[in-house]
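Reviewing the structure listed below.
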2 protein chains.
Amino acid sequence: MSSEKITSIEVAHRAGVSQSAVSRVFTPGASASKQTVEKVRKAASELGYRPNVLARAMVSGKSRIIGLLVAYLDNQFYPDALEKLSSALQERGYHLLVFMAGKDAGNIDNVVDEMLDYQVEGIIAASVSMSSKLAERCQSVGVPIVFFNRSQNDETRFAVTSDNYAGGRKVADYLVAAGHTKIAYIAGWQFASTQYDREAGFVDGLNKHQINLHARGVGNFTSEGAAEAARLLFDKDPPDALFVANDHMAFSVMDTLRYELGLSIPDDVSVVGYDDVPIASWPSFNLTTVRQRANQMVSKTVDIIIAQIEGDAAKPQNVKIEAPLIVRGSTRAIASCQPNSSVK
Amino acid sequence: MSSEKITSIEVAHRAGVSQSAVSRVFTPGASASKQTVEKVRKAASELGYRPNVLARAMVSGKSRIIGLLVAYLDNQFYPDALEKLSSALQERGYHLLVFMAGKDAGNIDNVVDEMLDYQVEGIIAASVSMSSKLAERCQSVGVPIVFFNRSQNDETRFAVTSDNYAGGRKVADYLVAAGHTKIAYIAGWQFASTQYDREAGFVDGLNKHQINLHARGVGNFTSEGAAEAARLLFDKDPPDALFVANDHMAFSVMDTLRYELGLSIPDDVSVVGYDDVPIASWPSFNLTTVRQRANQMVSKTVDIIIAQIEGDAAKPQNVKIEAPLIVRGSTRAIASCQPNSSVK
DNA sequence: TATGAAACACAAAACGTTTTTCTGGTTCAT
DNA sequence: ATGAACCAGAAAAACGTTTTGTGTTTCATA
């Protein structure tokens with residue numbers, strides 16, 4: 001109650017200088033004499049003055065706000081990434097304004113409009129796709145946009161993903177090498193590039209070894225969907241290996257196989273996931289999976305968006321972070337190769 | 001590249017009215033003739049005009065930004081709550097600006113200052129405590145603050161938690177009723193009110209039944225800490241029941257007991273958690289736990305902070321949401337009582 | 001028809017900064 | 001001694017809104 005908002009004018013009065021002098025003292029690039037700086041600093045700290053970011057944003061055009069568009073956080077990969085993303089941006093003086101988007105692309109337009117209303121300096125779209133018309137509009141008002149964990153078809157946007165295609169292939173190679181022949185796949189949400197690329201790499205990998213996909217289910221990246229898909233796949237002619245499009249679904253599938261269908265993993269069936277979220281390494285699951293290097297993905301995303309904001313425009317590209325296969329105990333071992341379950 | 005920022009002035013020109021008329025058309029409470037409204041709407045949509053939230057914030061003092069202070073997101077209760085929180089606020093025209101705070105209270109002061117620089121209209125502090133001096137300062141500049149899942153000692157702040165004390169008691173009652181006698185506790189981070197209250201309720205509950213706590217470990221709310229605490233507890237004179245201060249640690253404990261120590265749950269030892277995150281109901285864990293009703297906690301939090309912002313000041317209080325015990329398969333059953341494992 | 005109230009549009013002030021322009025003083029070389 | 005060149009500070013413009021007078025028009029009522 002005591003102190004209302006302190007403005008630079010009040011600081012100026014107390015320091016006996018002009019208001020613009022105060023501004024310059026608080027603006028990194030500006031010049032002021034040592035004497036003035038000291039007087040202003042003293043007055044400011046006595047009054048508890050801090051510059052108003054919004055007022056600064058108005059005139060400078062730099063809000064230091066980045067919009068984060070995200071559809072869901074139940075797959076643990078996202079909170080993890082969000083935490084890293086927020087910290088990394090915070091270190092560089094930016095902050096995330098969060099916008100939840102329904103998975104249905106319907107209202108994404110509105111949400112993006114709202115972001116622009118806040119004068120965000122950039123947009124990070126995580127686990128979300130977007131019409132190119134919409135992306136175009138952001139670009140046209142000078143707001144760069146980076147897709148995180150989703151690539152767009154057109155090569156005119158920035159996107160950061162793991163190398164999903166190569167990851168899918170590695171899984172195929174491994175399962176084939178382990179001697180599996182009836183290999184099935186449980187897909188994620190059909191409109192997600194992660195789903196598409198992982199499957200394409202996986203199927204191509206199988207084909208390379210003259211093997212066809214034994215069966216295919218769809219889990220839509222949800223636990224329930226994945227469980228149901230697993231039930232259907234094992235209803236008749238069950239596979240002996242299963243690649244599930246992400247860890248989140250893989251856990252649900254493993255539970256269904258073990259506790260509902262009474263199967264043993266990997267003796268009856270091998271299971272592979274994708275993401276390597278922390279749970280994957282828990283003994284209960286000990287899941288063989290493809291690791292998405294969240295740290296690298298995040299730092300690349302941050303680098304790109306800040307470069308864009310600050311004008312160091314590079315060519316749009318689809319950055320693919322290499323994604324290693326982490327072999328754990330949910331898959332049958334290859335004779336000549338130890339599972340490296342020591343990996344955390 | 002085509003369109004630069006469209007301002008209300010340009011809309012005014014095109015519509016042949018004054019700039020303030022445009023403003024009134026876009027301000028809910030204001031009055032304008034039907035004719036004016038129509039002209040302005042038409043011109044605005046032709047130009048693609050949308051009001052600049054930051055400019056509005058400057059003069060009106062309403063940024064429609066709420067600061068979220070959060071320390072970590074690895075316990076799945078938080079991403080879940082965050083998602084709900086963000087959606088609920090979004091519906092009411094507010095958005096969350098995210099600030100990560102190290103768990104150490106050291107830099108919290110700076111982070112709060114940064115929040116205030118952005119002219120946030122309110123602060124939600126999740127999983128974070130704060131010196132009362134700091135909270136006082138926010139209050140003094142008119143920024144309400146609500147603690148989510150942490151209560152403060154002083155009763156002059158708003159806080160929303162589950163009824164942790166009562167929850168702890170329910171666990172004690174249940175374990176005693178199931179015939180356990182050697183009952184141990186694995187604590188969370190010692191400075192968290194959730195940790196303190198849960199333990200207090202638990203211990204009081206045991207004492208009510210003339211039972212003393214058999215042993216106590218400390219896991220600090222981390223997986224590794226909890227695993228280590230479990231090892232120590234079972235090193236000699238092992239307990240026959242274990243209450244772990246949250247689910248996140250309980251999973252780690254269960255894995256350690258089963259896969260490292262070769263124990264069977266609940267035959268050798270019963271395990272109870274707290275939170276009822278989605279994983280708790282997975283068959284692998286099937287964890288008996290105390291449910292924190294995230295939906296209720298979130299909507300209460302939102303109600304409080306918006307009421308504060310809009311001036312309907314109620315008395316500060318510590319809102320405690322009732323937290324039911326969800327009995328699943330990780331605990332020995334009570335003879336006269338069926339475990340309601342059907343609960344999702 | 002005259003009059004008062006109500007409705008509405010406009011111009012101007014305000015919000016708290018950064019940035020640009022302007023002014024006066026100092027330094028320095030010529 | 002004089003002008004140029006610089007520098008720091010003051011003043012003022014700008015950012016895009018909302019809000020606050022103020023004046024005009026409309027309309028109903030007397």
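Identifiers in the structure tokens: chain A, B, ... in order shown; residue index from 1 per chain; ligand index from 1 in order shown.
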
request  = List every residue of stretch 3-161 of chain B that DSSP, applied to the backbone, labels as alpha helix (DSSP H), and write the result as a PyMOL selection string.
outcome  = chain B and resi 8-15+19-25+34-47+53-60+77-91+108-117+132-140

Hand me chain B as it sits after a least-squares fit onto chain A over every Cα, paired in order, written as a CSV table (one decimal) with C-alpha atoms, in the first residue's frame.
chain,number,residue,atom,x,y,z
B,1,MET,CA,-0.1,0.1,0.0
B,2,SER,CA,2.8,2.4,0.8
B,3,SER,CA,4.5,2.8,-2.6
B,4,GLU,CA,2.7,3.3,-5.8
B,5,LYS,CA,4.4,2.9,-9.1
B,6,ILE,CA,7.7,4.7,-9.3
B,7,THR,CA,8.5,6.3,-12.6
B,8,SER,CA,11.6,7.5,-14.2
B,9,ILE,CA,10.4,11.1,-13.7
B,10,GLU,CA,10.4,10.8,-10.0
B,11,VAL,CA,13.9,9.3,-10.1
B,12,ALA,CA,15.0,12.1,-12.3
B,13,HIS,CA,13.6,14.7,-9.8
B,14,ARG,CA,15.3,13.1,-6.9
B,15,ALA,CA,18.6,12.7,-8.7
B,16,GLY,CA,18.4,16.3,-10.1
B,17,VAL,CA,18.7,15.2,-13.7
B,18,SER,CA,16.3,14.9,-16.7
B,19,GLN,CA,14.1,11.9,-17.2
B,20,SER,CA,15.9,10.9,-20.3
B,21,ALA,CA,19.1,10.7,-18.3
B,22,VAL,CA,17.5,8.1,-16.2
B,23,SER,CA,16.4,6.2,-19.2
B,24,ARG,CA,19.9,6.2,-20.6
B,25,VAL,CA,21.4,4.9,-17.3
B,26,PHE,CA,19.1,2.0,-17.5
B,27,THR,CA,19.6,1.3,-21.2
B,28,PRO,CA,22.6,-0.9,-21.8
B,29,GLY,CA,23.9,0.7,-24.9
B,30,ALA,CA,23.5,4.4,-23.9
B,31,SER,CA,26.1,6.8,-22.7
B,32,ALA,CA,26.1,8.8,-19.5
B,33,SER,CA,28.8,10.4,-17.4
B,34,LYS,CA,30.0,8.5,-14.4
B,35,GLN,CA,28.6,11.2,-12.2
B,36,THR,CA,25.1,11.0,-13.6
B,37,VAL,CA,25.1,7.2,-13.5
B,38,GLU,CA,25.9,7.3,-9.9
B,39,LYS,CA,23.3,9.9,-8.9
B,40,VAL,CA,20.6,8.1,-10.8
B,41,ARG,CA,21.5,4.7,-9.5
B,42,LYS,CA,21.4,6.0,-6.0
B,43,ALA,CA,18.1,7.8,-6.4
B,44,ALA,CA,16.6,4.7,-8.2
B,45,SER,CA,17.6,2.3,-5.5
B,46,GLU,CA,16.4,4.6,-2.8
B,47,LEU,CA,13.0,4.8,-4.4
B,48,GLY,CA,13.0,1.2,-5.6
B,49,TYR,CA,12.6,2.2,-9.2
B,50,ARG,CA,12.6,-0.5,-11.9
B,51,PRO,CA,11.8,0.3,-15.6
B,52,ASN,CA,8.4,-0.7,-16.9
B,53,VAL,CA,9.0,-3.3,-19.5
B,54,LEU,CA,5.7,-2.7,-21.2
B,55,ALA,CA,6.4,1.0,-21.7
B,56,ARG,CA,9.8,0.2,-23.0
B,57,ALA,CA,8.2,-2.3,-25.4
B,58,MET,CA,5.8,0.3,-26.8
B,59,VAL,CA,8.4,2.6,-28.0
B,60,SER,CA,11.3,0.2,-28.7
B,61,GLY,CA,9.1,-2.4,-30.3
B,62,LYS,CA,10.8,-5.1,-28.2
B,63,SER,CA,8.5,-6.8,-25.8
B,64,ARG,CA,10.9,-9.5,-24.8
B,65,ILE,CA,8.0,-11.8,-24.8
B,66,ILE,CA,7.9,-15.1,-26.8
B,67,GLY,CA,4.6,-16.9,-27.3
B,68,LEU,CA,4.6,-20.6,-26.7
B,69,LEU,CA,1.8,-22.5,-28.4
B,70,VAL,CA,1.3,-25.9,-27.0
B,71,ALA,CA,-1.4,-28.5,-27.3
B,72,TYR,CA,-0.9,-30.8,-24.4
B,73,LEU,CA,1.5,-31.6,-21.6
B,74,ASP,CA,0.7,-35.1,-20.7
B,75,ASN,CA,3.5,-36.6,-22.6
B,76,GLN,CA,6.4,-36.0,-20.3
B,77,PHE,CA,8.7,-34.9,-23.0
B,78,TYR,CA,6.9,-31.6,-23.2
B,79,PRO,CA,7.0,-30.4,-19.6
B,80,ASP,CA,10.6,-31.4,-19.6
B,81,ALA,CA,11.3,-29.4,-22.8
B,82,LEU,CA,9.2,-26.5,-21.5
B,83,GLU,CA,11.2,-26.2,-18.4
B,84,LYS,CA,14.4,-26.1,-20.3
B,85,LEU,CA,13.0,-23.7,-22.9
B,86,SER,CA,11.8,-21.3,-20.3
B,87,SER,CA,15.1,-21.4,-18.4
B,88,ALA,CA,17.2,-20.9,-21.5
B,89,LEU,CA,15.1,-17.9,-22.6
B,90,GLN,CA,15.0,-16.4,-19.2
B,91,GLU,CA,18.8,-16.4,-19.1
B,92,ARG,CA,18.7,-14.4,-22.3
B,93,GLY,CA,16.2,-11.9,-21.1
B,94,TYR,CA,13.1,-13.3,-22.7
B,95,HIS,CA,10.0,-14.9,-21.2
B,96,LEU,CA,7.4,-17.3,-22.4
B,97,LEU,CA,3.7,-16.4,-22.6
B,98,VAL,CA,1.8,-19.6,-22.7
B,99,PHE,CA,-1.1,-20.3,-25.0
B,100,MET,CA,-2.9,-23.6,-25.0
B,101,ALA,CA,-4.2,-24.8,-28.3
B,102,GLY,CA,-6.8,-27.5,-28.7
B,103,LYS,CA,-5.4,-30.4,-30.7
B,104,ASP,CA,-8.0,-29.6,-33.3
B,105,ALA,CA,-6.6,-27.0,-35.6
B,106,GLY,CA,-9.9,-25.2,-35.4
B,107,ASN,CA,-9.2,-22.5,-33.0
B,108,ILE,CA,-5.5,-22.2,-33.6
B,109,ASP,CA,-6.1,-19.1,-35.8
B,110,ASN,CA,-7.7,-17.3,-32.9
B,111,VAL,CA,-5.0,-18.3,-30.5
B,112,VAL,CA,-2.3,-17.0,-32.8
B,113,ASP,CA,-4.2,-13.8,-33.2
B,114,GLU,CA,-4.2,-13.4,-29.5
B,115,MET,CA,-0.5,-14.0,-29.4
B,116,LEU,CA,0.1,-11.2,-31.9
B,117,ASP,CA,-2.1,-8.9,-29.9
B,118,TYR,CA,0.4,-9.2,-27.1
B,119,GLN,CA,3.2,-8.1,-29.5
B,120,VAL,CA,5.2,-11.3,-29.0
B,121,GLU,CA,8.6,-11.1,-30.6
B,122,GLY,CA,8.5,-14.7,-31.7
B,123,ILE,CA,6.4,-17.8,-31.6
B,124,ILE,CA,7.4,-21.3,-30.6
B,125,ALA,CA,4.9,-23.9,-31.7
B,126,ALA,CA,5.4,-27.1,-29.8
B,127,SER,CA,3.5,-30.2,-30.7
B,128,VAL,CA,1.3,-28.1,-33.0
B,129,SER,CA,0.9,-27.9,-36.7
B,130,MET,CA,-0.3,-24.8,-38.5
B,131,SER,CA,-1.7,-23.9,-41.9
B,132,SER,CA,0.9,-22.3,-44.0
B,133,LYS,CA,-1.4,-19.4,-44.5
B,134,LEU,CA,-1.3,-18.7,-40.8
B,135,ALA,CA,2.5,-19.1,-40.5
B,136,GLU,CA,2.7,-16.7,-43.5
B,137,ARG,CA,0.7,-14.1,-41.6
B,138,CYS,CA,3.0,-14.2,-38.6
B,139,GLN,CA,6.0,-13.9,-40.9
B,140,SER,CA,4.3,-11.0,-42.6
B,141,VAL,CA,4.0,-9.0,-39.5
B,142,GLY,CA,7.6,-9.7,-38.7
B,143,VAL,CA,7.1,-12.3,-36.0
B,144,PRO,CA,9.3,-15.3,-36.5
B,145,ILE,CA,8.0,-18.7,-35.8
B,146,VAL,CA,9.8,-21.9,-35.0
B,147,PHE,CA,8.2,-25.3,-34.8
B,148,PHE,CA,9.4,-27.5,-32.0
B,149,ASN,CA,9.0,-31.2,-32.4
B,150,ARG,CA,6.9,-30.8,-35.5
B,151,SER,CA,8.2,-30.1,-39.0
B,152,GLN,CA,6.1,-28.5,-41.7
B,153,ASN,CA,5.9,-29.8,-45.2
B,154,ASP,CA,7.1,-26.6,-46.7
B,155,GLU,CA,10.8,-25.7,-46.3
B,156,THR,CA,10.1,-22.0,-45.8
B,157,ARG,CA,9.7,-22.4,-42.0
B,158,PHE,CA,12.1,-23.2,-39.2
B,159,ALA,CA,11.5,-26.4,-37.4
B,160,VAL,CA,13.5,-28.4,-34.9
B,161,THR,CA,12.9,-32.1,-34.5
B,162,SER,CA,14.9,-35.1,-33.8
B,163,ASP,CA,15.8,-37.1,-36.9
B,164,ASN,CA,12.6,-39.0,-36.7
B,165,TYR,CA,13.1,-40.8,-40.0
B,166,ALA,CA,16.5,-42.0,-39.1
B,167,GLY,CA,15.3,-42.9,-35.6
B,168,GLY,CA,12.5,-45.1,-37.1
B,169,ARG,CA,15.1,-46.8,-39.3
B,170,LYS,CA,17.4,-47.6,-36.4
B,171,VAL,CA,14.5,-49.3,-34.6
B,172,ALA,CA,13.8,-51.4,-37.7
B,173,ASP,CA,17.4,-52.3,-38.0
B,174,TYR,CA,17.6,-53.3,-34.4
B,175,LEU,CA,14.5,-55.4,-34.4
B,176,VAL,CA,15.5,-57.2,-37.5
B,177,ALA,CA,18.9,-57.9,-36.2
B,178,ALA,CA,17.4,-59.3,-33.1
B,179,GLY,CA,15.7,-61.9,-35.3
B,180,HIS,CA,12.2,-60.6,-35.2
B,181,THR,CA,10.0,-61.3,-38.2
B,182,LYS,CA,6.5,-60.4,-37.2
B,183,ILE,CA,6.9,-56.7,-36.6
B,184,ALA,CA,4.1,-54.3,-35.9
B,185,TYR,CA,3.7,-50.6,-35.4
B,186,ILE,CA,1.4,-48.5,-33.3
B,187,ALA,CA,1.0,-45.1,-34.8
B,188,GLY,CA,0.5,-41.7,-33.2
B,189,TRP,CA,-1.8,-38.9,-34.4
B,190,GLN,CA,-1.9,-39.1,-38.1
B,191,PHE,CA,-1.4,-35.4,-38.8
B,192,ALA,CA,1.8,-35.2,-36.7
B,193,SER,CA,5.0,-35.1,-38.6
B,194,THR,CA,6.7,-37.0,-35.9
B,195,GLN,CA,4.2,-39.8,-36.4
B,196,TYR,CA,4.7,-39.7,-40.1
B,197,ASP,CA,8.4,-39.6,-40.2
B,198,ARG,CA,9.0,-42.2,-37.6
B,199,GLU,CA,6.7,-44.6,-39.4
B,200,ALA,CA,8.2,-43.8,-42.8
B,201,GLY,CA,11.7,-44.5,-41.5
B,202,PHE,CA,10.6,-47.6,-39.8
B,203,VAL,CA,8.8,-49.1,-42.7
B,204,ASP,CA,11.6,-48.2,-45.1
B,205,GLY,CA,14.0,-49.8,-42.8
B,206,LEU,CA,12.0,-53.0,-42.6
B,207,ASN,CA,11.6,-53.1,-46.4
B,208,LYS,CA,15.4,-52.7,-46.8
B,209,HIS,CA,15.6,-56.1,-45.0
B,210,GLN,CA,12.9,-57.6,-47.2
B,211,ILE,CA,10.4,-57.5,-44.4
B,212,ASN,CA,6.9,-56.1,-44.5
B,213,LEU,CA,5.1,-54.6,-41.7
B,214,HIS,CA,3.2,-57.4,-40.0
B,215,ALA,CA,0.4,-55.2,-38.6
B,216,ARG,CA,-0.4,-51.6,-37.8
B,217,GLY,CA,-2.5,-50.0,-35.1
B,218,VAL,CA,-3.3,-46.4,-34.3
B,219,GLY,CA,-3.0,-45.0,-30.8
B,220,ASN,CA,-3.2,-41.2,-31.6
B,221,PHE,CA,-0.5,-40.5,-28.9
B,222,THR,CA,-3.0,-41.3,-26.1
B,223,SER,CA,-2.7,-44.0,-23.5
B,224,GLU,CA,-6.2,-45.3,-24.0
B,225,GLY,CA,-5.8,-45.3,-27.8
B,226,ALA,CA,-2.6,-47.2,-27.5
B,227,ALA,CA,-4.0,-49.8,-25.1
B,228,GLU,CA,-6.9,-50.4,-27.4
B,229,ALA,CA,-4.6,-50.7,-30.4
B,230,ALA,CA,-2.5,-53.2,-28.6
B,231,ARG,CA,-5.5,-55.3,-27.8
B,232,LEU,CA,-6.5,-55.4,-31.5
B,233,LEU,CA,-3.1,-56.3,-32.7
B,234,PHE,CA,-2.8,-59.2,-30.3
B,235,ASP,CA,-6.3,-60.4,-31.0
B,236,LYS,CA,-5.1,-62.8,-33.7
B,237,ASP,CA,-1.7,-63.6,-35.2
B,238,PRO,CA,0.2,-61.6,-32.7
B,239,PRO,CA,3.4,-59.8,-33.6
B,240,ASP,CA,6.7,-60.7,-31.9
B,241,ALA,CA,7.9,-57.1,-31.9
B,242,LEU,CA,6.2,-53.8,-31.6
B,243,PHE,CA,7.4,-50.3,-32.3
B,244,VAL,CA,5.2,-47.7,-30.6
B,245,ALA,CA,5.4,-44.2,-31.9
B,246,ASN,CA,6.2,-42.6,-28.5
B,247,ASP,CA,7.1,-43.6,-25.0
B,248,HIS,CA,3.9,-42.3,-23.5
B,249,MET,CA,2.0,-44.8,-25.6
B,250,ALA,CA,4.6,-47.5,-25.1
B,251,PHE,CA,4.1,-47.6,-21.4
B,252,SER,CA,0.4,-48.1,-21.8
B,253,VAL,CA,1.0,-50.8,-24.3
B,254,MET,CA,3.5,-52.6,-22.0
B,255,ASP,CA,1.0,-52.5,-19.2
B,256,THR,CA,-1.7,-53.9,-21.4
B,257,LEU,CA,0.4,-56.6,-22.7
B,258,ARG,CA,1.7,-57.7,-19.3
B,259,TYR,CA,-1.2,-57.3,-17.0
B,260,GLU,CA,-4.1,-57.8,-19.4
B,261,LEU,CA,-2.8,-60.2,-21.9
B,262,GLY,CA,-0.4,-61.9,-19.6
B,263,LEU,CA,2.5,-61.6,-22.0
B,264,SER,CA,6.1,-61.4,-21.1
B,265,ILE,CA,8.4,-58.6,-22.4
B,266,PRO,CA,10.7,-59.2,-24.2
B,267,ASP,CA,10.3,-63.0,-24.1
B,268,ASP,CA,6.9,-63.0,-25.9
B,269,VAL,CA,7.2,-59.7,-27.6
B,270,SER,CA,9.8,-56.9,-27.8
B,271,VAL,CA,8.6,-53.3,-27.3
B,272,VAL,CA,10.3,-50.2,-28.5
B,273,GLY,CA,9.3,-46.6,-27.8
B,274,TYR,CA,10.4,-43.1,-28.9
B,275,ASP,CA,11.5,-40.1,-26.8
B,276,ASP,CA,13.4,-41.6,-23.9
B,277,VAL,CA,11.5,-39.7,-21.2
B,278,PRO,CA,12.7,-40.3,-17.7
B,279,ILE,CA,10.2,-43.0,-17.0
B,280,ALA,CA,11.6,-45.1,-19.8
B,281,SER,CA,14.7,-45.9,-17.7
B,282,TRP,CA,12.7,-46.9,-14.6
B,283,PRO,CA,13.1,-50.5,-13.9
B,284,SER,CA,9.4,-51.2,-14.3
B,285,PHE,CA,9.6,-50.4,-17.9
B,286,ASN,CA,13.3,-50.4,-18.8
B,287,LEU,CA,12.2,-49.5,-22.3
B,288,THR,CA,14.3,-49.6,-25.4
B,289,THR,CA,13.7,-46.3,-27.1
B,290,VAL,CA,15.0,-43.6,-29.3
B,291,ARG,CA,16.3,-40.7,-27.4
B,292,GLN,CA,15.2,-37.2,-28.3
B,293,ARG,CA,17.9,-35.0,-27.0
B,294,ALA,CA,15.8,-32.3,-25.4
B,295,ASN,CA,18.7,-30.2,-24.4
B,296,GLN,CA,20.0,-29.9,-27.9
B,297,MET,CA,16.6,-29.4,-29.4
B,298,VAL,CA,15.9,-26.6,-26.9
B,299,SER,CA,19.1,-24.8,-27.3
B,300,LYS,CA,18.8,-25.0,-31.1
B,301,THR,CA,15.3,-23.7,-30.9
B,302,VAL,CA,16.4,-20.8,-28.7
B,303,ASP,CA,19.3,-20.0,-30.9
B,304,ILE,CA,17.2,-19.9,-34.0
B,305,ILE,CA,14.4,-17.8,-32.6
B,306,ILE,CA,16.7,-15.2,-31.0
B,307,ALA,CA,18.8,-15.0,-34.2
B,308,GLN,CA,15.6,-14.3,-36.1
B,309,ILE,CA,14.4,-11.7,-33.6
B,310,GLU,CA,17.7,-9.9,-33.6
B,311,GLY,CA,17.9,-9.9,-37.4
B,312,ASP,CA,20.6,-12.4,-38.1
B,313,ALA,CA,18.3,-14.1,-40.5
B,314,ALA,CA,19.5,-17.5,-41.6
B,315,LYS,CA,17.7,-19.6,-44.2
B,316,PRO,CA,14.7,-21.4,-42.9
B,317,GLN,CA,15.5,-25.0,-42.4
B,318,ASN,CA,14.4,-28.2,-40.8
B,319,VAL,CA,17.0,-28.9,-38.1
B,320,LYS,CA,17.2,-32.5,-37.3
B,321,ILE,CA,18.9,-33.6,-34.1
B,322,GLU,CA,20.5,-37.0,-34.2
B,323,ALA,CA,18.5,-39.5,-32.1
B,324,PRO,CA,20.4,-42.5,-30.8
B,325,LEU,CA,18.7,-45.8,-30.1
B,326,ILE,CA,18.9,-46.6,-26.4
B,327,VAL,CA,18.8,-50.3,-25.9
B,328,ARG,CA,17.3,-51.5,-22.7
B,329,GLY,CA,15.6,-54.6,-21.5
B,330,SER,CA,12.2,-54.4,-23.3
B,331,THR,CA,13.7,-55.9,-26.4
B,332,ARG,CA,15.3,-59.2,-27.1
B,333,ALA,CA,19.0,-58.9,-27.2
B,334,ILE,CA,21.1,-59.2,-30.3
B,335,ALA,CA,23.5,-62.1,-30.0
B,336,SER,CA,26.6,-60.2,-30.7
B,337,CYS,CA,25.7,-57.1,-28.9
B,338,GLN,CA,25.2,-56.3,-25.2
B,339,PRO,CA,22.2,-54.1,-24.3
B,340,ASN,CA,23.6,-51.0,-22.8
B,341,SER,CA,21.2,-50.9,-20.0
B,342,SER,CA,23.7,-48.9,-18.0
B,343,VAL,CA,22.6,-45.8,-19.9
B,344,LYS,CA,20.7,-43.7,-17.6

message = Can you pull out the residues contacting stretch 21-23 of chain C? Cut-off 9 Å, using only C-alpha atoms (C1' of nucleotides), and skip same-chain residues under 6 positions away; I want them as a list of chain:residue names.
response = D:DA10, D:DA11, D:DA12, D:DA13

Go through chain D and flag each residue having an atom no more than 10 Å from chain A; for those, report the closest pair of atoms plus their distance in Å to one decimal, using only C-alpha atoms (C1' of nucleotides), ordered by chain and rising number, as JSON lines.
{"residue": "D:DC7", "atom": "C1'", "partner": "A:Ser33", "partner_atom": "CA", "distance": 9.5}
{"residue": "D:DA8", "atom": "C1'", "partner": "A:Ala32", "partner_atom": "CA", "distance": 6.8}
{"residue": "D:DG9", "atom": "C1'", "partner": "A:Ala21", "partner_atom": "CA", "distance": 7.1}
{"residue": "D:DA10", "atom": "C1'", "partner": "A:Ser18", "partner_atom": "CA", "distance": 6.4}
{"residue": "D:DA11", "atom": "C1'", "partner": "A:Ser18", "partner_atom": "CA", "distance": 9.1}
{"residue": "D:DA14", "atom": "C1'", "partner": "A:Val59", "partner_atom": "CA", "distance": 7.1}
{"residue": "D:DC15", "atom": "C1'", "partner": "A:Val59", "partner_atom": "CA", "distance": 4.3}
{"residue": "D:DG16", "atom": "C1'", "partner": "A:Met58", "partner_atom": "CA", "distance": 7.7}

Residues as selected, N, CA and C atoms (P, O5', C5', C4', C3', O3' and C1' of nucleotides), written as a CSV table (one decimal), in the first residue's frame, can you do that?
chain,number,residue,atom,x,y,z
D,7,DC,P,33.0,12.0,-28.2
D,7,DC,O5',32.1,12.6,-27.0
D,7,DC,C5',32.8,13.4,-26.0
D,7,DC,C4',31.8,14.1,-25.2
D,7,DC,C3',30.6,13.2,-24.8
D,7,DC,O3',30.6,12.9,-23.4
D,7,DC,C1',29.9,15.4,-25.5
D,8,DA,P,29.7,11.8,-22.8
D,8,DA,O5',28.7,12.8,-21.9
D,8,DA,C5',29.3,13.8,-21.2
D,8,DA,C4',28.1,14.7,-20.6
D,8,DA,C3',26.9,13.9,-20.2
D,8,DA,O3',26.4,14.5,-19.0
D,8,DA,C1',26.3,15.3,-21.9
D,9,DG,P,25.4,13.7,-18.1
D,9,DG,O5',24.1,14.7,-18.3
D,9,DG,C5',24.3,16.1,-17.9
D,9,DG,C4',23.3,16.9,-18.6
D,9,DG,C3',21.8,16.5,-18.3
D,9,DG,O3',21.1,17.6,-17.7
D,9,DG,C1',22.2,16.8,-20.7
D,10,DA,P,19.7,17.4,-17.2
D,10,DA,O5',18.9,18.1,-18.3
D,10,DA,C5',19.1,19.5,-18.5
D,10,DA,C4',18.2,20.0,-19.6
D,10,DA,C3',16.7,19.8,-19.4
D,10,DA,O3',16.0,21.0,-19.7
D,10,DA,C1',17.5,18.9,-21.5
D,11,DA,P,14.5,21.1,-19.5
D,11,DA,O5',13.9,20.9,-21.0
D,11,DA,C5',14.5,21.6,-22.1
D,11,DA,C4',13.9,21.2,-23.4
D,11,DA,C3',12.4,21.0,-23.3
D,11,DA,O3',11.8,21.6,-24.5
D,11,DA,C1',13.5,19.1,-24.2
D,14,DA,P,6.5,13.1,-33.9
D,14,DA,O5',6.5,11.6,-33.5
D,14,DA,C5',7.7,10.8,-33.6
D,14,DA,C4',7.5,9.6,-32.7
D,14,DA,C3',6.2,8.9,-32.8
D,14,DA,O3',6.4,7.6,-33.5
D,14,DA,C1',7.0,9.1,-30.6
D,15,DC,P,5.1,6.9,-34.1
D,15,DC,O5',5.0,5.5,-33.4
D,15,DC,C5',6.1,4.9,-32.7
D,15,DC,C4',5.5,4.1,-31.6
D,15,DC,C3',4.0,3.8,-31.7
D,15,DC,O3',3.8,2.5,-32.2
D,15,DC,C1',4.7,4.4,-29.4
D,16,DG,P,2.6,2.4,-33.3
D,16,DG,O5',1.3,2.1,-32.5
D,16,DG,C5',1.2,0.9,-31.7
D,16,DG,C4',0.1,1.0,-30.7
D,16,DG,C3',-1.3,1.4,-31.4
D,16,DG,O3',-2.2,0.5,-30.8
D,16,DG,C1',-0.8,2.9,-29.7

For chain C against chain B, with a cut-off of 9 Å and counting only C-alpha atoms (C1' of nucleotides), what is the closest atom pair and its distance in Å to one decimal for every residue that makes the cut, ordered by chain and number, as a tab-separated table?
residue	atom	partner	partner_atom	distance
C:DA7	C1'	B:Ser33	CA	8.7
C:DC8	C1'	B:Ala32	CA	6.8
C:DA9	C1'	B:Ala21	CA	7.1
C:DC10	C1'	B:Ser18	CA	6.2
C:DA11	C1'	B:Ser18	CA	8.8
C:DA14	C1'	B:Val59	CA	7.2
C:DC15	C1'	B:Val59	CA	4.3
C:DG16	C1'	B:Met58	CA	7.7
